[in-house]
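*Asks:* Got a file for you: final-v3.pdb, PDB, C-alpha atoms, pLDDT in the B column.
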```pdb
ATOM      1  CA  LYS A 276     109.080 -38.396 -30.142  1.00 64.00           C
ATOM      2  CA  ASN A 277     111.572 -35.937 -28.663  1.00 65.00           C
ATOM      3  CA  PRO A 278     110.250 -32.375 -28.682  1.00 76.00           C
ATOM      4  CA  TYR A 279     113.328 -30.933 -26.956  1.00 80.00           C
ATOM      5  CA  THR A 280     116.266 -29.446 -28.840  1.00 82.00           C
ATOM      6  CA  LEU A 281     119.567 -28.707 -27.105  1.00 83.00           C
ATOM      7  CA  ASN A 282     121.058 -25.539 -28.588  1.00 85.00           C
ATOM      8  CA  ILE A 283     124.542 -24.358 -27.600  1.00 86.00           C
ATOM      9  CA  THR A 284     125.521 -20.977 -29.026  1.00 86.00           C
ATOM     10  CA  SER A 285     128.988 -19.444 -28.833  1.00 86.00           C
ATOM     11  CA  ALA A 286     131.138 -16.821 -30.510  1.00 86.00           C
ATOM     12  CA  ASP A 287     133.974 -19.377 -30.393  1.00 87.00           C
ATOM     13  CA  LYS A 288     133.526 -21.963 -33.144  1.00 89.00           C
ATOM     14  CA  GLU A 289     136.635 -23.859 -32.018  1.00 89.00           C
ATOM     15  CA  HIS A 290     135.021 -24.406 -28.611  1.00 88.00           C
ATOM     16  CA  LEU A 291     131.889 -25.937 -30.175  1.00 90.00           C
ATOM     17  CA  ILE A 292     134.061 -28.239 -32.283  1.00 91.00           C
ATOM     18  CA  LYS A 293     135.688 -29.538 -29.063  1.00 89.00           C
ATOM     19  CA  LEU A 294     132.250 -30.168 -27.519  1.00 87.00           C
ATOM     20  CA  ARG A 295     131.040 -31.936 -30.633  1.00 88.00           C
ATOM     21  CA  THR A 296     134.120 -34.179 -30.624  1.00 89.00           C
ATOM     22  CA  VAL A 297     133.600 -35.185 -26.978  1.00 87.00           C
ATOM     23  CA  LEU A 298     129.960 -36.029 -27.777  1.00 85.00           C
ATOM     24  CA  SER A 299     131.122 -38.190 -30.729  1.00 88.00           C
ATOM     25  CA  SER A 300     128.761 -36.163 -32.879  1.00 86.00           C
ATOM     26  CA  ASN A 301     128.821 -35.257 -36.546  1.00 87.00           C
ATOM     27  CA  HIS A 302     126.135 -32.566 -36.239  1.00 86.00           C
ATOM     28  CA  LYS A 303     126.711 -29.456 -38.294  1.00 89.00           C
ATOM     29  CA  ILE A 304     127.858 -26.289 -36.535  1.00 91.00           C
ATOM     30  CA  GLY A 305     125.779 -23.502 -38.056  1.00 89.00           C
ATOM     31  CA  GLU A 306     126.300 -19.785 -38.254  1.00 89.00           C
ATOM     32  CA  LYS A 307     123.911 -17.458 -36.460  1.00 82.00           C
ATOM     33  CA  LYS A 308     123.601 -13.681 -36.812  1.00 79.00           C
ATOM     34  CA  SER A 309     122.563 -11.633 -33.817  1.00 71.00           C
ATOM     35  CA  GLY A 310     120.201  -8.673 -33.877  1.00 67.00           C
ATOM     36  CA  SER A 311     123.187  -6.334 -33.504  1.00 70.00           C
ATOM     37  CA  GLY A 312     124.817  -7.733 -36.635  1.00 73.00           C
ATOM     38  CA  GLY A 313     127.390  -9.914 -34.889  1.00 77.00           C
ATOM     39  CA  VAL A 314     128.071 -13.506 -35.930  1.00 81.00           C
ATOM     40  CA  GLY A 315     127.959 -16.510 -33.622  1.00 87.00           C
ATOM     41  CA  PHE A 316     127.906 -20.262 -34.047  1.00 92.00           C
ATOM     42  CA  GLN A 317     125.479 -22.887 -32.793  1.00 91.00           C
ATOM     43  CA  PHE A 318     125.386 -26.618 -32.226  1.00 89.00           C
ATOM     44  CA  GLN A 319     121.966 -28.283 -32.083  1.00 87.00           C
ATOM     45  CA  THR A 320     120.881 -31.815 -31.284  1.00 84.00           C
ATOM     46  CA  ARG A 321     117.612 -33.608 -30.549  1.00 84.00           C
ATOM     47  CA  ASN A 322     119.352 -36.465 -28.772  1.00 82.00           C
ATOM     48  CA  LYS A 323     116.721 -37.911 -26.422  1.00 85.00           C
ATOM     49  CA  THR A 324     119.208 -39.233 -23.850  1.00 87.00           C
ATOM     50  CA  ILE A 325     120.996 -35.899 -23.457  1.00 85.00           C
ATOM     51  CA  THR A 326     117.868 -33.759 -23.218  1.00 85.00           C
ATOM     52  CA  SER A 327     116.189 -36.220 -20.840  1.00 86.00           C
ATOM     53  CA  ASN A 328     119.225 -36.270 -18.540  1.00 87.00           C
ATOM     54  CA  LEU A 329     119.444 -32.482 -18.542  1.00 86.00           C
ATOM     55  CA  ARG A 330     115.791 -32.220 -17.513  1.00 85.00           C
ATOM     56  CA  LYS A 331     116.370 -34.669 -14.644  1.00 86.00           C
ATOM     57  CA  LEU A 332     119.196 -32.426 -13.423  1.00 84.00           C
ATOM     58  CA  GLY A 333     116.894 -29.399 -13.392  1.00 82.00           C
ATOM     59  CA  ILE A 334     117.427 -27.753 -16.794  1.00 82.00           C
ATOM     60  CA  TYR A 335     114.162 -26.921 -18.512  1.00 79.00           C
ATOM     61  CA  PRO A 336     113.112 -25.076 -21.689  1.00 79.00           C
ATOM     62  CA  ARG A 337     113.637 -21.301 -21.596  1.00 77.00           C
ATOM     63  CA  LYS A 338     116.076 -21.752 -18.733  1.00 77.00           C
ATOM     64  CA  THR A 339     116.951 -18.050 -18.671  1.00 73.00           C
ATOM     65  CA  TYR A 340     113.565 -17.364 -17.101  1.00 70.00           C
ATOM     66  CA  ASN A 341     113.054 -20.411 -14.858  1.00 75.00           C
ATOM     67  CA  LEU A 342     116.428 -21.756 -13.771  1.00 83.00           C
ATOM     68  CA  ASN A 343     116.536 -23.230 -10.282  1.00 85.00           C
ATOM     69  CA  PRO A 344     119.450 -24.918  -8.479  1.00 88.00           C
ATOM     70  CA  ILE A 345     120.896 -27.690 -10.666  1.00 88.00           C
ATOM     71  CA  LYS A 346     121.625 -31.112  -9.206  1.00 87.00           C
ATOM     72  CA  VAL A 347     125.302 -31.422 -10.128  1.00 91.00           C
ATOM     73  CA  PRO A 348     127.133 -34.321  -8.420  1.00 91.00           C
ATOM     74  CA  ASN A 349     130.173 -33.127  -6.465  1.00 93.00           C
ATOM     75  CA  LYS A 350     132.628 -35.028  -8.678  1.00 92.00           C
ATOM     76  CA  TYR A 351     131.464 -32.989 -11.683  1.00 93.00           C
ATOM     77  CA  PHE A 352     131.042 -29.631  -9.964  1.00 95.00           C
ATOM     78  CA  SER A 353     134.443 -28.224 -11.030  1.00 95.00           C
ATOM     79  CA  HIS A 354     133.570 -29.020 -14.657  1.00 94.00           C
ATOM     80  CA  PHE A 355     130.138 -27.445 -14.247  1.00 94.00           C
ATOM     81  CA  THR A 356     131.761 -24.327 -12.749  1.00 96.00           C
ATOM     82  CA  ARG A 357     134.135 -24.082 -15.710  1.00 95.00           C
ATOM     83  CA  GLY A 358     131.234 -24.455 -18.150  1.00 92.00           C
ATOM     84  CA  PHE A 359     129.206 -21.769 -16.356  1.00 94.00           C
ATOM     85  CA  PHE A 360     132.257 -19.485 -16.343  1.00 96.00           C
ATOM     86  CA  ASP A 361     132.938 -20.039 -20.058  1.00 93.00           C
ATOM     87  CA  GLY A 362     129.323 -19.202 -20.860  1.00 90.00           C
ATOM     88  CA  ASP A 363     128.341 -16.487 -18.360  1.00 91.00           C
ATOM     89  CA  GLY A 364     131.540 -15.486 -16.623  1.00 95.00           C
ATOM     90  CA  SER A 365     134.197 -12.867 -17.232  1.00 95.00           C
ATOM     91  CA  VAL A 366     137.785 -12.299 -16.187  1.00 96.00           C
ATOM     92  CA  TYR A 367     140.047  -9.303 -16.671  1.00 93.00           C
ATOM     93  CA  ILE A 368     143.296  -7.832 -15.406  1.00 92.00           C
ATOM     94  CA  TYR A 369     143.482  -4.283 -14.070  1.00 89.00           C
ATOM     95  CA  LYS A 370     146.098  -2.129 -12.369  1.00 85.00           C
ATOM     96  CA  VAL A 371     146.406  -1.213  -8.685  1.00 82.00           C
ATOM     97  CA  ASN A 372     149.510   0.815  -7.758  1.00 79.00           C
ATOM     98  CA  LYS A 373     150.975  -0.182 -11.145  1.00 78.00           C
ATOM     99  CA  SER A 374     150.597  -3.842 -10.243  1.00 80.00           C
ATOM    100  CA  ASP A 375     148.464  -6.326 -12.193  1.00 83.00           C
ATOM    101  CA  GLN A 376     145.373  -7.550 -10.322  1.00 87.00           C
ATOM    102  CA  ILE A 377     142.581  -9.849 -11.466  1.00 92.00           C
ATOM    103  CA  LYS A 378     138.790  -9.932 -11.156  1.00 95.00           C
ATOM    104  CA  VAL A 379     136.332 -12.712 -12.034  1.00 96.00           C
ATOM    105  CA  SER A 380     132.557 -12.507 -12.189  1.00 97.00           C
ATOM    106  CA  PHE A 381     129.677 -14.948 -12.687  1.00 97.00           C
ATOM    107  CA  VAL A 382     126.352 -13.522 -13.929  1.00 94.00           C
ATOM    108  CA  ASN A 383     122.904 -15.100 -14.138  1.00 92.00           C
ATOM    109  CA  ALA A 384     119.268 -13.993 -14.337  1.00 90.00           C
ATOM    110  CA  SER A 385     118.113 -16.518 -11.730  1.00 90.00           C
ATOM    111  CA  PHE A 386     118.703 -15.557  -8.091  1.00 92.00           C
ATOM    112  CA  PRO A 387     117.866 -19.055  -6.671  1.00 92.00           C
ATOM    113  CA  PHE A 388     120.346 -20.673  -9.058  1.00 93.00           C
ATOM    114  CA  LEU A 389     123.167 -18.210  -8.344  1.00 94.00           C
ATOM    115  CA  GLN A 390     122.531 -18.325  -4.593  1.00 95.00           C
ATOM    116  CA  ASP A 391     122.928 -22.113  -4.578  1.00 95.00           C
ATOM    117  CA  PHE A 392     125.940 -21.954  -6.916  1.00 96.00           C
ATOM    118  CA  ASN A 393     127.599 -19.304  -4.739  1.00 97.00           C
ATOM    119  CA  GLN A 394     127.242 -21.449  -1.619  1.00 97.00           C
ATOM    120  CA  ARG A 395     128.566 -24.600  -3.301  1.00 96.00           C
ATOM    121  CA  LEU A 396     131.478 -22.875  -4.989  1.00 97.00           C
ATOM    122  CA  CYS A 397     132.661 -20.952  -1.935  1.00 97.00           C
ATOM    123  CA  LYS A 398     132.454 -24.118   0.139  1.00 96.00           C
ATOM    124  CA  SER A 399     134.463 -26.012  -2.492  1.00 96.00           C
ATOM    125  CA  LEU A 400     137.123 -23.264  -2.518  1.00 96.00           C
ATOM    126  CA  ASN A 401     137.058 -22.902   1.294  1.00 96.00           C
ATOM    127  CA  ILE A 402     136.501 -19.142   1.092  1.00 95.00           C
ATOM    128  CA  LYS A 403     133.946 -16.709   2.513  1.00 95.00           C
ATOM    129  CA  LEU A 404     130.527 -16.557   0.882  1.00 96.00           C
ATOM    130  CA  LYS A 405     130.292 -13.862  -1.789  1.00 96.00           C
ATOM    131  CA  THR A 406     127.736 -11.052  -1.803  1.00 95.00           C
ATOM    132  CA  ILE A 407     125.233 -11.294  -4.650  1.00 95.00           C
ATOM    133  CA  HIS A 408     124.861  -7.991  -6.527  1.00 94.00           C
ATOM    134  CA  SER A 409     121.651  -7.344  -8.486  1.00 90.00           C
ATOM    135  CA  SER A 410     120.910  -5.053 -11.430  1.00 87.00           C
ATOM    136  CA  LYS A 411     118.947  -5.056 -14.694  1.00 80.00           C
ATOM    137  CA  SER A 412     120.236  -5.900 -18.149  1.00 73.00           C
ATOM    138  CA  THR A 413     120.164  -3.048 -20.619  1.00 69.00           C
ATOM    139  CA  ASN A 414     118.786  -4.936 -23.622  1.00 64.00           C
ATOM    140  CA  LYS A 415     116.237  -7.432 -22.261  1.00 67.00           C
ATOM    141  CA  ASN A 416     115.204  -5.687 -19.026  1.00 73.00           C
ATOM    142  CA  LEU A 417     115.971  -8.919 -17.144  1.00 80.00           C
ATOM    143  CA  PRO A 418     117.218  -8.972 -13.564  1.00 85.00           C
ATOM    144  CA  LEU A 419     120.911  -9.803 -13.458  1.00 90.00           C
ATOM    145  CA  HIS A 420     122.665 -11.235 -10.402  1.00 93.00           C
ATOM    146  CA  SER A 421     126.457 -11.326 -10.051  1.00 95.00           C
ATOM    147  CA  ILE A 422     129.182 -12.575  -7.740  1.00 96.00           C
ATOM    148  CA  TYR A 423     132.799 -11.369  -7.858  1.00 96.00           C
ATOM    149  CA  PHE A 424     136.165 -12.895  -7.014  1.00 96.00           C
ATOM    150  CA  TYR A 425     139.475 -11.080  -6.540  1.00 93.00           C
ATOM    151  CA  ILE A 426     143.163 -11.955  -6.295  1.00 89.00           C
ATOM    152  CA  ASP A 427     143.766 -14.964  -4.012  1.00 90.00           C
ATOM    153  CA  ASP A 428     140.224 -16.258  -4.510  1.00 95.00           C
ATOM    154  CA  CYS A 429     140.769 -16.088  -8.289  1.00 94.00           C
ATOM    155  CA  LYS A 430     143.847 -18.261  -7.920  1.00 92.00           C
ATOM    156  CA  LYS A 431     141.867 -20.882  -5.995  1.00 95.00           C
ATOM    157  CA  LEU A 432     139.080 -20.655  -8.556  1.00 96.00           C
ATOM    158  CA  SER A 433     141.498 -21.138 -11.450  1.00 95.00           C
ATOM    159  CA  GLN A 434     143.055 -24.197  -9.833  1.00 95.00           C
ATOM    160  CA  PHE A 435     139.589 -25.618  -9.138  1.00 96.00           C
ATOM    161  CA  MET A 436     138.298 -25.096 -12.679  1.00 96.00           C
ATOM    162  CA  TYR A 437     141.351 -26.099 -14.708  1.00 94.00           C
ATOM    163  CA  ASN A 438     142.878 -28.884 -12.587  1.00 88.00           C
ATOM    164  CA  LYS A 439     141.102 -31.654 -14.508  1.00 79.00           C
ATOM    165  CA  SER A 440     140.217 -29.660 -17.585  1.00 80.00           C
ATOM    166  CA  ASN A 441     140.061 -31.235 -21.016  1.00 80.00           C
ATOM    167  CA  ILE A 442     137.642 -28.662 -22.452  1.00 87.00           C
ATOM    168  CA  HIS A 443     137.802 -24.951 -21.690  1.00 90.00           C
ATOM    169  CA  LEU A 444     137.576 -21.627 -23.458  1.00 89.00           C
ATOM    170  CA  SER A 445     141.218 -20.881 -24.308  1.00 89.00           C
ATOM    171  CA  ARG A 446     140.887 -17.084 -24.478  1.00 91.00           C
ATOM    172  CA  LYS A 447     139.638 -16.938 -20.866  1.00 94.00           C
ATOM    173  CA  LYS A 448     142.210 -19.348 -19.468  1.00 93.00           C
ATOM    174  CA  LYS A 449     144.985 -17.306 -21.100  1.00 93.00           C
ATOM    175  CA  ILE A 450     144.014 -14.342 -18.901  1.00 94.00           C
ATOM    176  CA  PHE A 451     144.474 -16.449 -15.742  1.00 94.00           C
ATOM    177  CA  ASP A 452     147.830 -17.668 -17.100  1.00 92.00           C
ATOM    178  CA  LYS A 453     148.949 -14.121 -17.917  1.00 91.00           C
ATOM    179  CA  TRP A 454     148.103 -12.899 -14.415  1.00 88.00           C
ATOM    180  CA  GLU A 455     149.762 -15.921 -12.785  1.00 86.00           C
ATOM    181  CA  ASN A 456     152.989 -15.211 -14.684  1.00 84.00           C
ATOM    182  CA  ALA A 457     152.923 -11.438 -14.098  1.00 77.00           C
ATOM    183  CA  ASP A 458     155.598  -9.848 -11.923  1.00 70.00           C
ATOM    184  CA  ARG A 459     153.552  -8.575  -8.987  1.00 65.00           C
ATOM    185  CA  PRO A 460     154.873  -7.054  -5.746  1.00 59.00           C
ATOM    186  CA  LYS A 461     153.706  -8.792  -2.607  1.00 61.00           C
ATOM    187  CA  TYR A 462     151.358  -6.610  -0.586  1.00 53.00           C
ATOM    188  CA  ILE A 463     150.790  -7.149   3.126  1.00 52.00           C
ATOM    189  CA  LYS A 464     147.095  -7.237   3.945  1.00 50.00           C
ATOM    190  CA  ARG A 465     146.109  -4.939   6.795  1.00 53.00           C
ATOM    191  CA  GLY A 466     143.157  -5.279   9.148  1.00 52.00           C
ATOM    192  CA  TYR A 467     140.702  -3.739   6.716  1.00 46.00           C
ATOM    193  CA  PRO A 468     138.923  -4.959   3.582  1.00 49.00           C
ATOM    194  CA  SER A 469     141.175  -4.888   0.537  1.00 48.00           C
ATOM    195  CA  LYS A 470     141.048  -6.108  -3.035  1.00 53.00           C
ATOM    196  CA  ILE A 471     144.831  -6.031  -3.222  1.00 49.00           C
ATOM    197  CA  GLY A 472     146.474  -9.388  -2.645  1.00 44.00           C
TER     198      GLY A 472
END
```
Could you spell out this file's structure in structure tokens?
*Replies:*
Amino acid sequence: KNPYTLNITSADKEHLIKLRTVLSSNHKIGEKKSGSGGVGFQFQTRNKTITSNLRKLGIYPRKTYNLNPIKVPNKYFSHFTRGFFDGDGSVYIYKVNKSDQIKVSFVNASFPFLQDFNQRLCKSLNIKLKTIHSSKSTNKNLPLHSIYFYIDDCKKLSQFMYNKSNIHLSRKKKIFDKWENADRPKYIKRGYPSKIG
């Protein structure tokens, strides 16, 4: 009756437990080994209401290969952004002139999806549109498209994602918190492009 299975896989079992709790589910969280020998965890459900609603929003089977812009209502867009970041985003701190700086990226195989997401997110943050960088993945030979955020834009992004957050990946949020609490000298931006804020 319902041929669609929703499968959420993560290296963070604690995160899947949070999701399962919010869904009032008692589904088992299974263990899954990757081809490289690593261990992950997965939550699966054949709930007809959930899978039907996801399809109406634009999420279809094998979404890696056919993802188009997703119809996310504005009131949920910050939560969607946080979910996308937790799944396919990265954040790290690096040094410039011995001062901690921060960089965030979002990566996806679908250009139409990331193009739409980029426009919506930059408009929501009231910042300039990001350039989309394209490359190929090393293991699946898929096209990969990325957008990057630095310094002040990362601060706006963090506030946007975590302002009304009840579920997030703790290890990623801790990096934002560490950078926010770091002792950083205040640089004056000159009239040229700079990643130093």
*Asks:* Could you jot down the CA of Cys429 in chain A to CA of Gly315 in chain A separation for me, Å, one decimal place?
*Replies:*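 These atoms are spaced 28.4 Å apart.
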*Asks:* Between A:Tyr279, A:Ile407, A:Ser353, A:Lys288, which has the minimum distance to Tyr437 in chain A (counting only C-alpha atoms)?
*Replies:*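 Going through A:Tyr279, A:Ile407, A:Ser353, A:Lys288 one by one, the smallest distance to Tyr437 in chain A is for A:Ser353.
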*Asks:* Give me, as a ChimeraX atom specification, all polymer residues having an atom no more than 7 Å from range 387-395 of chain A, counting only C-alpha atoms and skipping those fewer than 6 positions away in the same chain.
*Replies:* /A:342-344,404-405
*Asks:* Keeping only C-alpha atoms, write the selected residues to a file as a tab-separated table (two decimals), keeping the file's coordinate frame.
*Replies:*
```tsv
chain	number	residue	atom	x	y	z
A	342	LEU	CA	116.43	-21.76	-13.77
A	343	ASN	CA	116.54	-23.23	-10.28
A	344	PRO	CA	119.45	-24.92	-8.48
A	404	LEU	CA	130.53	-16.56	0.88
A	405	LYS	CA	130.29	-13.86	-1.79
```
*Asks:* CA of Gly364 in chain A and CA of Ala457 in chain A are how many Å apart?
*Replies:*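 One can read the CA of Gly364 in chain A to CA of Ala457 in chain A distance as 21.9 Å.
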*Asks:* Closest to Ile325 in chain A among A:Thr296, A:Ser421, A:Ser409, A:Thr280, using only C-alpha atoms?
*Replies:*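 Using only C-alpha atoms, the shortest distance to Ile325 in chain A belongs to A:Thr280.
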*Asks:* How many Å lie between CA of Lys431 in chain A and CA of Tyr369 in chain A, rounded to one decimal?
*Replies:* 18.5 Å
*Asks:* Nearest to Arg337 in chain A among A:Ser365, A:Gln319, A:Thr324, A:Asn282, with distances taken over all atoms listed in the file: which residue is it?
*Replies:*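 Checking each candidate against Arg337 in chain A, we get A:Asn282 as the closest.
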*Asks:* Pull out every residue that the PyMOL selection byres ((chain A and resi 379) around 6) matches in the shown coordinates and put them as a list in words.
*Replies:*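 After applying the PyMOL selection byres ((chain A and resi 379) around 6), what remains is Ser365, Val366, Lys378, Ser380, Tyr423 and Phe424 of chain A.
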*Asks:* Mind listing as a CSV table (one decimal) with C-alpha atoms, in the coordinates of the input all residues within 10 Å of (134.5, -27.5, -14.1), counting all atoms listed in the file?
*Replies:*
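File written: out-v4.csv
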```
chain,number,residue,atom,x,y,z
A,350,LYS,CA,132.6,-35.0,-8.7
A,351,TYR,CA,131.5,-33.0,-11.7
A,352,PHE,CA,131.0,-29.6,-10.0
A,353,SER,CA,134.4,-28.2,-11.0
A,354,HIS,CA,133.6,-29.0,-14.7
A,355,PHE,CA,130.1,-27.4,-14.2
A,356,THR,CA,131.8,-24.3,-12.7
A,357,ARG,CA,134.1,-24.1,-15.7
A,358,GLY,CA,131.2,-24.5,-18.2
A,359,PHE,CA,129.2,-21.8,-16.4
A,360,PHE,CA,132.3,-19.5,-16.3
A,361,ASP,CA,132.9,-20.0,-20.1
A,432,LEU,CA,139.1,-20.7,-8.6
A,433,SER,CA,141.5,-21.1,-11.4
A,435,PHE,CA,139.6,-25.6,-9.1
A,436,MET,CA,138.3,-25.1,-12.7
A,437,TYR,CA,141.4,-26.1,-14.7
A,438,ASN,CA,142.9,-28.9,-12.6
A,439,LYS,CA,141.1,-31.7,-14.5
A,440,SER,CA,140.2,-29.7,-17.6
A,441,ASN,CA,140.1,-31.2,-21.0
A,442,ILE,CA,137.6,-28.7,-22.5
A,443,HIS,CA,137.8,-25.0,-21.7
```
*Asks:* Which protein, DNA or RNA residues have an atom at most 8 Å from (117.4, -11.2, -12.0), counting only C-alpha atoms? List them as a short mmCIF file (atom, residue, chain, number, x, y, z; two decimals) with C-alpha atoms, keeping the file's coordinate frame.
*Replies:*
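And here's selection_13.cif as it stands now:
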```
data_model
loop_
_atom_site.label_atom_id
_atom_site.label_comp_id
_atom_site.auth_asym_id
_atom_site.auth_seq_id
_atom_site.Cartn_x
_atom_site.Cartn_y
_atom_site.Cartn_z
CA ASN A 383 122.90 -15.10 -14.14
CA ALA A 384 119.27 -13.99 -14.34
CA SER A 385 118.11 -16.52 -11.73
CA PHE A 386 118.70 -15.56 -8.09
CA SER A 409 121.65 -7.34 -8.49
CA SER A 410 120.91 -5.05 -11.43
CA LYS A 411 118.95 -5.06 -14.69
CA LEU A 417 115.97 -8.92 -17.14
CA PRO A 418 117.22 -8.97 -13.56
CA LEU A 419 120.91 -9.80 -13.46
CA HIS A 420 122.66 -11.24 -10.40
#
```
*Asks:* Restricting the calculation to all atoms listed in the file: of A:Tyr335, A:Ser412, A:Asp427, A:Gln434, which residue gets closest to Ser399 in chain A?
*Replies:* A:Gln434
*Asks:* The centre and edge lengths of an axis-aligned box containing all atoms of range 325-328 of chain A present in the file, extended by 4 Å on each side, are to be given in Å to one decimal, as AutoDock Vina command-line options.
*Replies:*
```
--center_x 118.6 --center_y -35.0 --center_z -21.0 --size_x 12.8 --size_y 10.5 --size_z 12.9
```
*Asks:* Check the smallest atom-to-atom distance from each of A:Asp363, A:Asn401, A:Asp458, A:Leu332 to Pro348 in chain A using only C-alpha atoms, then report the winner.
*Replies:*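 Ranked by minimum distance to Pro348 in chain A, first place goes to A:Leu332.
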*Asks:* With distances taken over all atoms listed in the file, which of A:Gln376, A:Thr406, A:Thr284, A:Thr339 is nearest to Phe451 in chain A?
*Replies:*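 That would be A:Gln376, the residue with the smallest distance to Phe451 in chain A.
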